[in-house]
Amino acid sequence: MKYSVTVFVLLTWAFRWSFCIYEDQIGKFDWRQTYIGKLKFAYLDTISTTKKAFVATEENVVAALNLKTGQIVWRHVLEKADQGEIQFMDGDGDDIVTVSGRNIFVVRTWDPHNGFLKSEWTVAQPLIRRLIDIKWFLYQKQLFQVVSVALSDITITAYNISAGTKVSSDLIHAPWMAQDSRCVLAVPYLACLDKVGQEVLLHSFSLTGAGTQTKSLSAFMGEVKTSVTLETVGGSQPVVEVAMVGNSSKHILLLEANGFTLYPHQLPSAAKLYVASYEKSSIVLQALYMEGWLVLSGSTLETGKELSDLAGKLKYPSGLGEGNIAAAVCSPKKDKGKGCRILLVTDDHAIALMSHPGKFVWVREEALASIAAVEILDLPVSDTDAAIEKEFDHKETGFVGMFVHRLASQILQLRSLVLTILGLGEPPSAGQRAGLVRDEFGLHKMIVVASSAGKVFGIDNLSGEIIWQQRLENVKPYVDQATGKNHAPFFVQRTTRHFPSPAQCALLLRHKVTDEGVLFVFNPITGQPLAESDGLISLGYKVKQSFLLHEGNKESLRGILLLDNEDNLHVYPESAQSVAVAMAATIFIFTADPNSGLLVGYSLALSTKQNLIATRVWEIKLTHGSQRITAVISKSSIEKVHSQGRVLGDRSVLYKYINPNLVAVLTQGFDPVHKQFLNIYLIDVVSGSVIFSISHKRAREPVHIVHSENWLLYSYFSDKSRRTEIVTLELYEGKVQSNTTAFSSVAAPLQPIVDRQAYILPGMIESMKETITEKGITSKHILVALANGAILEIPWVFLDPRRPITVTSEMREEGVIPYMPELPIPSEAIINYNQTVQRVRGIHTTPSGLESTCLVFVYGLDMFYTRVAPSKTFDLLKEDFDHFLITAVLLGLTVTSYITKKLASRKALKQAWK
Amino acid sequence: MKPKSLVICVHIIFRNKQDRSSDLASPPGYNPSAGQVYTEVARESDPSHLIIKKSWELALAPLKQVPMNLFIMYMAGNSISIFPIMMVGMLIVRPVKALFTMQNTFKMIEGSHAVGQKLVYFLGNIVSVALALYKCHSMGLLPSHASDWLAFVEPQMRVEYSGGGMLLV
């Protein structure tokens, strides 16, 4: 019996998992883009044959970029979060050295050519030291750790970079270092600013040969009144810049063993500086932004003489923010003079290489490594289809008018056809030219992505190419208070289906300084702002929650309701007010406070014609003590459920409990008895009633929740068994539906029947999402992003809570497979085959025009796009379908039948004459 | 061909008459009256009785099929595969066809019992159809359960609309 069950399961497996792709389909439906994140450290290597830029980023990535193309040569993703935080990176030709981690520093050396790890060793963090006090530098093949303690001493430890052995350790008494003195490292010196009475002193301390030089700033800067800042100027020489706050210019100083040398000229304080070595001398490179232009200049450090062949001015791309020079290298040019290559890192996370003086060689949009919001939208119809749509616009013209319109549009079509054939046609619109039109199956879409760096991108889903980008000034995304993740509410106010009016989307962000809400309103296809000049609308209040109306106004524009922190309601745009008032009685908004654990429900029923009023109707306090709400998961608003019930073995129906207002709330806490525990509540946010709740002991993050149809699926790490477990819950109304036509949360439906089951997944989960299709007929699969970079597709059948432990014939009749706790990870079910996707932060699924197909966009450090067909492509002919053969056979048969008919009649005639 | 057989018939009749007229003693155990009685009965009921009998046969034919059908149904089993389906198809098609061509069949039924016979014939067919339907039902081919109409159940309309989430401030 057991044997036969296993065979049965295996067979189902083999049958189910046969949707992997063939070798020749690689890259046909999918693409992957790899990123590194915001640059933190950079080092240019120009000695080796293939020139590279070595970078370390805030996403804990160490990578080598090809200096010619900007492509990643190799990349290593270090540990997540604090554990892998890169404290230092530098190179010395043979090695790239990184120091990462928080409490224990891991020092790694990498081979610059292939990125192989050469050595790895650890240094424990000195006790009771702030991280800012620990500095690292690489000097003459040795790694130095500098730990400075105010008012007491400086410890300098030198390590052998390959072996990790301590070469030397010096403890130097430094009583001059004040508590609030700001120290910077300008290899091989430590420079500190110190305020003594009216005097501001600059100490420079040589780290290789001991000795402190102290000088008053007023000696060369004149009277120092306001606060002074001290920064290191990156590059090959120990140079620091000293600027007074509010002053328009700054000084730079070269630190030397016997004092300082002041650079002869004052520089504008906005200028970005870098010291590059050129042959025997050093050059100060200076970049200054001036109204869309980048002014570059270079001068020798020693004399301050301006170098004419390094002076230049170039048009700065509007999509890029202001940047800093991360690294630069100067070399003699082939023809004459000298040229520099400058690696820029902009404040919108982009990394760009300039060949100076001249042009941008490449730009990497690293903002895409920190995506906060994603939406995938349909493209507009083609011009010809639009003409047909236009025809139906004139509703009042009657049938004669309609007929005239039809004729006119068809004549236009004919004309354009003829012109296209002759090659004389007028150029199509920009979108048409770029091929950005809706295709037959709705597979071609626009991925609109908002990054935490304050940039919005439009990406073609088929090619992965960036179509447009918009940089938003002075805004930042919201931060999830519980998880610390960035997110930005995204509203699709009007889709492309309402032809003459363009699609409109809005993004809710907040102001960088005031935290007040800012709406960015734009056309998702072109990226053009649709309000004001830059599309940014300052709301002037802090937004507590938002709600997109489900019906549009006369222009089919769906309004956004915004609840401010004083519980007042606002509508954007104003014209949607009447729609909002008309629907007010059916609108309910809720908020969840992660810290206090309070859930509050608001009703709009008391609104008047002039005013929308949100009234508190219910409150639930879910937590106490150390417990916090860590996630609130509602269902997708575009989801459709086709089947209202489930057929049981005896052919009766178990009706699904499909409550669109049901929200899953996760709370986590710590308990001395049960250790880490988590609770899940299913709450109807209209009535505020708790439909179901469940608690797990010794369970901790990462917790991921998927909430859809009548089921909930969540995963957590079980501390007890040390494994990832997935729990599924299914809600059923029972064998009869209490109300067959409408679902109202107020008309108190019965408590649903809850089925539950738990499974074990042998892997760590980064993110989870369910597939979604147009009509909801296709079965659902769960997409699971694993920590190893794979994206696993698990059919719902395997996660079904109705999988029975004891197999009865009735259960077999129902089509559920027997319960087995372990979920397998077959390699055929990994939809990204060998295209590893690192640090997945989210998965976005969207329906295509085909019922069978669901479009999947995975984002995180990398981006991956593909499409999945959970029930296979039942509505599509196979790719290898032989149209030619079928046509040939059909034609052949028709022709033969005609010929035989002729022959037969002739024969019959001959027979009759006999 | 036809004239030949007629000659033979005539010849036989002639010979019978000759035999009867001979004065030969009857063989032991031969009772001439026995044959006479039979012929008399046969002759008596010949025209109408035979018709009625034949009509009854016709009328009862569907009912006689029932045990056979039951046996076939039993043997066919409840699994849905090509042969049981074909059998069930035959079971259902034959009586239905018979019911449709009932007018033609009734033309053959004459005699005093015609009404009853027609009724029996009709009922017989109905029984066959019922049996076939029962078979369909037990095979699960009839949409007799709620689950069979599930695909036509419309999704519930949403009365309230809700939104919100974690506090943004």
# chains A, B, ... in the order shown; residues from 1 in each chain; ligands from 1
$ interface_residues --of "chain A" --to "chain B" --cutoff "7 Å" --atoms "only C-alpha atoms" --output "ChimeraX atom specification"
/A:478,542-547,586-593,632,642-645,647,651-653,661,685-686,740-744
$ write_last_selection --atoms "N, CA and C atoms" --output "short mmCIF file (atom, residue, chain, number, x, y, z; two decimals), in the first residue's frame"
data_model
loop_
_atom_site.label_atom_id
_atom_site.label_comp_id
_atom_site.auth_asym_id
_atom_site.auth_seq_id
_atom_site.Cartn_x
_atom_site.Cartn_y
_atom_site.Cartn_z
N TYR A 478 8.34 55.70 2.24
CA TYR A 478 7.95 55.40 3.62
C TYR A 478 8.73 54.19 4.10
N LYS A 542 0.90 65.21 7.07
CA LYS A 542 1.46 63.85 7.15
C LYS A 542 0.35 62.84 6.86
N VAL A 543 0.64 61.91 6.01
CA VAL A 543 -0.39 60.94 5.61
C VAL A 543 -0.31 59.72 6.52
N LYS A 544 -1.48 59.34 7.03
CA LYS A 544 -1.54 58.20 7.93
C LYS A 544 -1.85 56.93 7.13
N GLN A 545 -2.80 57.05 6.27
CA GLN A 545 -3.18 55.91 5.42
C GLN A 545 -3.77 56.44 4.12
N SER A 546 -3.80 55.57 3.14
CA SER A 546 -4.34 55.97 1.84
C SER A 546 -5.29 54.88 1.33
N PHE A 547 -6.12 55.27 0.39
CA PHE A 547 -7.12 54.34 -0.14
C PHE A 547 -7.45 54.75 -1.56
N THR A 586 -19.96 52.81 1.78
CA THR A 586 -19.41 51.45 1.64
C THR A 586 -17.89 51.43 1.82
N ILE A 587 -17.32 52.57 2.19
CA ILE A 587 -15.85 52.60 2.30
C ILE A 587 -15.41 52.51 3.77
N PHE A 588 -14.47 51.63 3.99
CA PHE A 588 -13.92 51.45 5.33
C PHE A 588 -12.40 51.48 5.24
N ILE A 589 -11.77 52.19 6.14
CA ILE A 589 -10.31 52.27 6.15
C ILE A 589 -9.83 51.80 7.53
N PHE A 590 -8.72 51.11 7.55
CA PHE A 590 -8.18 50.71 8.85
C PHE A 590 -6.70 51.07 8.93
N THR A 591 -6.23 51.23 10.15
CA THR A 591 -4.81 51.48 10.34
C THR A 591 -4.31 50.53 11.43
N ALA A 592 -3.04 50.19 11.33
CA ALA A 592 -2.44 49.32 12.34
C ALA A 592 -1.19 50.01 12.86
N ASP A 593 -1.11 50.12 14.16
CA ASP A 593 0.07 50.73 14.77
C ASP A 593 0.99 49.61 15.24
N VAL A 632 0.94 43.31 8.09
CA VAL A 632 -0.50 43.38 7.83
C VAL A 632 -0.67 43.05 6.36
N HIS A 642 -12.62 32.40 -9.58
CA HIS A 642 -13.59 31.83 -10.52
C HIS A 642 -14.46 30.78 -9.86
N SER A 643 -13.83 29.85 -9.18
CA SER A 643 -14.59 28.75 -8.59
C SER A 643 -14.98 29.11 -7.16
N GLN A 644 -16.28 29.04 -6.89
CA GLN A 644 -16.77 29.47 -5.58
C GLN A 644 -16.73 28.38 -4.53
N GLY A 645 -16.33 27.19 -4.93
CA GLY A 645 -16.32 26.11 -3.95
C GLY A 645 -15.38 25.02 -4.35
N VAL A 647 -15.10 20.80 -4.87
CA VAL A 647 -15.87 19.58 -5.03
C VAL A 647 -15.27 18.50 -4.16
N ARG A 651 -19.11 14.36 -4.16
CA ARG A 651 -19.63 15.28 -5.17
C ARG A 651 -20.51 16.39 -4.60
N SER A 652 -20.38 16.62 -3.34
CA SER A 652 -21.04 17.80 -2.79
C SER A 652 -20.04 18.95 -2.85
N VAL A 653 -20.49 20.13 -2.54
CA VAL A 653 -19.61 21.30 -2.67
C VAL A 653 -19.32 21.90 -1.30
N ASN A 661 -12.62 41.57 2.58
CA ASN A 661 -12.17 42.52 3.61
C ASN A 661 -11.32 41.85 4.69
N VAL A 685 -11.79 43.71 8.39
CA VAL A 685 -11.51 45.12 8.72
C VAL A 685 -12.73 46.02 8.54
N VAL A 686 -13.85 45.47 8.11
CA VAL A 686 -15.06 46.28 8.04
C VAL A 686 -15.76 46.23 9.39
N THR A 740 -25.84 33.84 -1.69
CA THR A 740 -25.24 33.43 -2.96
C THR A 740 -24.90 34.61 -3.86
N THR A 741 -25.47 35.76 -3.59
CA THR A 741 -25.26 36.87 -4.53
C THR A 741 -24.25 37.90 -4.05
N ALA A 742 -24.24 38.19 -2.76
CA ALA A 742 -23.39 39.28 -2.28
C ALA A 742 -22.68 38.88 -1.01
N PHE A 743 -21.54 39.49 -0.80
CA PHE A 743 -20.83 39.25 0.45
C PHE A 743 -20.77 40.54 1.23
N SER A 744 -21.33 40.52 2.41
CA SER A 744 -21.27 41.69 3.27
C SER A 744 -20.67 41.29 4.61
#
$ closest_residue --among "B:Ile126, B:Pro143, B:Ser112, B:Cys136" --to "Ala76 (chain B)" --atoms "only C-alpha atoms"
B:Cys136
$ residues_around --residues "Ala114 (chain B)" --least-positions-apart "5" --cutoff "9 Å" --atoms "only C-alpha atoms" --output "ChimeraX atom specification"
/B:52,55-56,106,109,119
$ write_last_selection --atoms "N, CA, C and O atoms" --output "CSV table (one decimal), in the first residue's frame"
chain,number,residue,atom,x,y,z
B,52,ILE,N,-53.0,-10.8,-32.2
B,52,ILE,CA,-52.9,-10.3,-30.8
B,52,ILE,C,-51.6,-10.8,-30.2
B,52,ILE,O,-50.8,-10.1,-29.6
B,55,SER,N,-48.7,-9.1,-31.6
B,55,SER,CA,-48.7,-7.8,-31.1
B,55,SER,C,-48.1,-7.8,-29.7
B,55,SER,O,-47.3,-6.9,-29.3
B,56,TRP,N,-48.6,-8.8,-28.9
B,56,TRP,CA,-48.1,-8.8,-27.5
B,56,TRP,C,-46.5,-9.0,-27.5
B,56,TRP,O,-45.8,-8.4,-26.7
B,106,PHE,N,-46.6,1.2,-33.8
B,106,PHE,CA,-48.0,1.0,-33.4
B,106,PHE,C,-48.8,0.6,-34.6
B,106,PHE,O,-49.9,0.0,-34.5
B,109,ILE,N,-49.4,-2.9,-34.6
B,109,ILE,CA,-50.2,-3.5,-33.5
B,109,ILE,C,-51.7,-3.3,-33.8
B,109,ILE,O,-52.2,-2.2,-34.0
B,119,LEU,N,-49.5,0.7,-24.5
B,119,LEU,CA,-49.1,1.2,-23.2
B,119,LEU,C,-47.9,0.4,-22.7
B,119,LEU,O,-46.9,1.0,-22.2
$ select_by_dssp --residues "region 35-160 of chain B" --states "alpha helix (DSSP H)" --output "number ranges by chain"
B: 35-76, 82-100, 102-108, 114-139
$ atom_distance --atom1 "CA of Thr836 (chain A)" --atom2 "CA of Ala785 (chain A)"
10.2 Å
$ atom_distance --atom1 "CA of Tyr859 (chain A)" --atom2 "CA of Lys769 (chain A)"
12.2 Å
$ atom_distance --atom1 "CA of Gly70 (chain A)" --atom2 "CA of Tyr278 (chain A)"
23.5 Å
$ residues_around --residues "region 123-125 of chain B" --least-positions-apart "5" --cutoff "7 Å" --atoms "only C-alpha atoms" --output "count of residues only"
4
$ residues_around --residues "region 145-156 of chain A" --least-positions-apart "4" --cutoff "6 Å" --atoms "only C-alpha atoms" --output "MDAnalysis selection string"
chainID A and resid 133:136 169:175 177:179
$ write_last_selection --atoms "all heavy atoms" --output "CSV table (one decimal), in the first residue's frame"
chain,number,residue,atom,x,y,z
A,133,ASP,N,35.0,55.2,15.6
A,133,ASP,CA,36.4,55.4,16.1
A,133,ASP,C,37.3,54.3,15.5
A,133,ASP,O,38.5,54.4,15.7
A,133,ASP,CB,36.4,55.2,17.6
A,133,ASP,CG,35.6,56.4,18.3
A,133,ASP,OD1,35.6,57.5,17.6
A,133,ASP,OD2,35.1,56.2,19.4
A,134,ILE,N,36.8,53.4,14.8
A,134,ILE,CA,37.7,52.3,14.2
A,134,ILE,C,37.9,52.6,12.7
A,134,ILE,O,36.9,52.7,12.0
A,134,ILE,CB,37.1,50.9,14.5
A,134,ILE,CG1,36.8,50.7,16.0
A,134,ILE,CG2,38.0,49.9,13.9
A,134,ILE,CD1,36.0,49.5,16.3
A,135,LYS,N,39.1,52.8,12.4
A,135,LYS,CA,39.3,53.1,11.0
A,135,LYS,C,40.4,52.1,10.4
A,135,LYS,O,41.1,51.5,11.2
A,135,LYS,CB,39.9,54.5,10.8
A,135,LYS,CG,38.9,55.6,11.3
A,135,LYS,CD,39.4,57.0,11.1
A,135,LYS,CE,38.3,58.0,11.3
A,135,LYS,NZ,37.9,58.0,12.7
A,136,TRP,N,40.2,51.9,9.1
A,136,TRP,CA,41.1,50.9,8.5
A,136,TRP,C,41.8,51.6,7.3
A,136,TRP,O,41.3,52.5,6.7
A,136,TRP,CB,40.3,49.8,8.0
A,136,TRP,CG,39.5,49.0,9.0
A,136,TRP,CD1,38.3,49.4,9.4
A,136,TRP,CD2,39.9,47.9,9.7
A,136,TRP,NE1,37.8,48.5,10.3
A,136,TRP,CE2,38.8,47.5,10.5
A,136,TRP,CE3,41.0,47.0,9.6
A,136,TRP,CZ2,38.8,46.4,11.3
A,136,TRP,CZ3,41.0,45.9,10.5
A,136,TRP,CH2,39.9,45.6,11.3
A,169,SER,N,51.8,46.4,16.9
A,169,SER,CA,50.7,47.1,17.6
A,169,SER,C,51.3,48.2,18.4
A,169,SER,O,52.2,47.9,19.2
A,169,SER,CB,50.0,46.0,18.4
A,169,SER,OG,48.9,46.7,19.0
A,170,ASP,N,50.8,49.4,18.2
A,170,ASP,CA,51.4,50.5,18.9
A,170,ASP,C,50.2,51.2,19.7
A,170,ASP,O,49.2,51.4,19.1
A,170,ASP,CB,52.0,51.5,18.0
A,170,ASP,CG,53.2,51.0,17.3
A,170,ASP,OD1,54.0,50.3,17.9
A,170,ASP,OD2,53.3,51.1,16.0
A,171,LEU,N,50.5,51.5,20.9
A,171,LEU,CA,49.5,52.2,21.7
A,171,LEU,C,50.2,53.6,21.9
A,171,LEU,O,51.2,53.7,22.5
A,171,LEU,CB,49.3,51.5,23.0
A,171,LEU,CG,48.2,52.2,23.9
A,171,LEU,CD1,46.8,51.7,23.4
A,171,LEU,CD2,48.4,51.8,25.3
A,172,ILE,N,49.5,54.6,21.4
A,172,ILE,CA,50.1,55.9,21.5
A,172,ILE,C,49.2,56.8,22.3
A,172,ILE,O,48.0,56.9,22.1
A,172,ILE,CB,50.3,56.5,20.1
A,172,ILE,CG1,51.4,55.7,19.4
A,172,ILE,CG2,50.7,58.0,20.1
A,172,ILE,CD1,51.2,55.6,17.9
A,173,HIS,N,49.8,57.4,23.3
A,173,HIS,CA,49.1,58.3,24.2
A,173,HIS,C,48.7,59.6,23.5
A,173,HIS,O,49.5,60.2,22.8
A,173,HIS,CB,50.1,58.6,25.4
A,173,HIS,CG,49.4,59.2,26.5
A,173,HIS,ND1,48.3,58.5,27.1
A,173,HIS,CD2,49.6,60.3,27.2
A,173,HIS,CE1,47.8,59.2,28.1
A,173,HIS,NE2,48.6,60.3,28.2
A,174,ALA,N,47.4,59.9,23.5
A,174,ALA,CA,47.0,61.1,22.8
A,174,ALA,C,46.0,61.8,23.6
A,174,ALA,O,44.8,61.8,23.4
A,174,ALA,CB,46.3,60.7,21.4
A,175,PRO,N,46.5,62.5,24.6
A,175,PRO,CA,45.5,63.2,25.5
A,175,PRO,C,44.9,64.4,24.9
A,175,PRO,O,43.9,65.0,25.3
A,175,PRO,CB,46.4,63.6,26.7
A,175,PRO,CG,47.8,63.6,26.1
A,175,PRO,CD,47.9,62.7,25.0
A,177,MET,N,43.3,64.6,22.2
A,177,MET,CA,42.1,64.3,21.4
A,177,MET,C,40.8,64.5,22.3
A,177,MET,O,40.6,63.9,23.3
A,177,MET,CB,42.1,62.9,20.9
A,177,MET,CG,41.3,62.7,19.7
A,177,MET,SD,41.9,61.3,18.7
A,177,MET,CE,41.9,60.0,19.8
A,178,ALA,N,40.1,65.5,21.9
A,178,ALA,CA,38.9,65.9,22.7
A,178,ALA,C,37.7,64.9,22.5
A,178,ALA,O,37.7,64.2,21.5
A,178,ALA,CB,38.5,67.3,22.4
A,179,GLN,N,36.8,65.0,23.4
A,179,GLN,CA,35.6,64.1,23.3
A,179,GLN,C,34.9,64.3,22.0
A,179,GLN,O,34.4,63.3,21.4
A,179,GLN,CB,34.7,64.3,24.5
A,179,GLN,CG,33.6,63.3,24.7
A,179,GLN,CD,34.2,62.0,25.2
A,179,GLN,OE1,35.0,61.9,26.1
A,179,GLN,NE2,33.8,60.9,24.6
$ closest_residue --among "A:Val727, A:Gln737, A:Glu322, A:Leu207" --to "Pro821 (chain A)" --atoms "only C-alpha atoms"
A:Val727
$ residues_around --residues "region 520-534 of chain A" --least-positions-apart "4" --cutoff "7 Å" --atoms "only C-alpha atoms" --output "PDB file with C-alpha atoms, in the first residue's frame"
ATOM      1  CA  LEU A 379       0.663  49.322 -22.895  1.00  0.00           C
ATOM      2  CA  MET A 446       5.451  48.281 -18.874  1.00  0.00           C
ATOM      3  CA  VAL A 448       7.000  50.797 -13.466  1.00  0.00           C
ATOM      4  CA  GLY A 458       9.719  52.541 -16.791  1.00  0.00           C
ATOM      5  CA  TRP A 468      12.128  56.291 -19.172  1.00  0.00           C
ATOM      6  CA  GLN A 469      13.316  57.499 -15.820  1.00  0.00           C
ATOM      7  CA  GLN A 470      12.363  60.347 -13.535  1.00  0.00           C
ATOM      8  CA  PRO A 502      -3.669  58.780 -20.995  1.00  0.00           C
ATOM      9  CA  ALA A 503      -2.981  56.316 -18.222  1.00  0.00           C
ATOM     10  CA  GLN A 504      -2.287  57.926 -14.888  1.00  0.00           C
ATOM     11  CA  CYS A 505      -0.463  56.632 -11.859  1.00  0.00           C
ATOM     12  CA  ALA A 506       0.364  58.197  -8.527  1.00  0.00           C
ATOM     13  CA  LEU A 507       3.085  57.399  -6.080  1.00  0.00           C
ATOM     14  CA  LEU A 508       2.789  58.417  -2.431  1.00  0.00           C
TER      15      LEU A 508
END
$ residues_around --residues "region 609-624 of chain A" --least-positions-apart "6" --cutoff "10 Å" --atoms "only C-alpha atoms" --output "PyMOL selection string"
chain A and resi 561+563+567-571+577-578+580-582+584+587-603+665-669+679+681+683+685-690
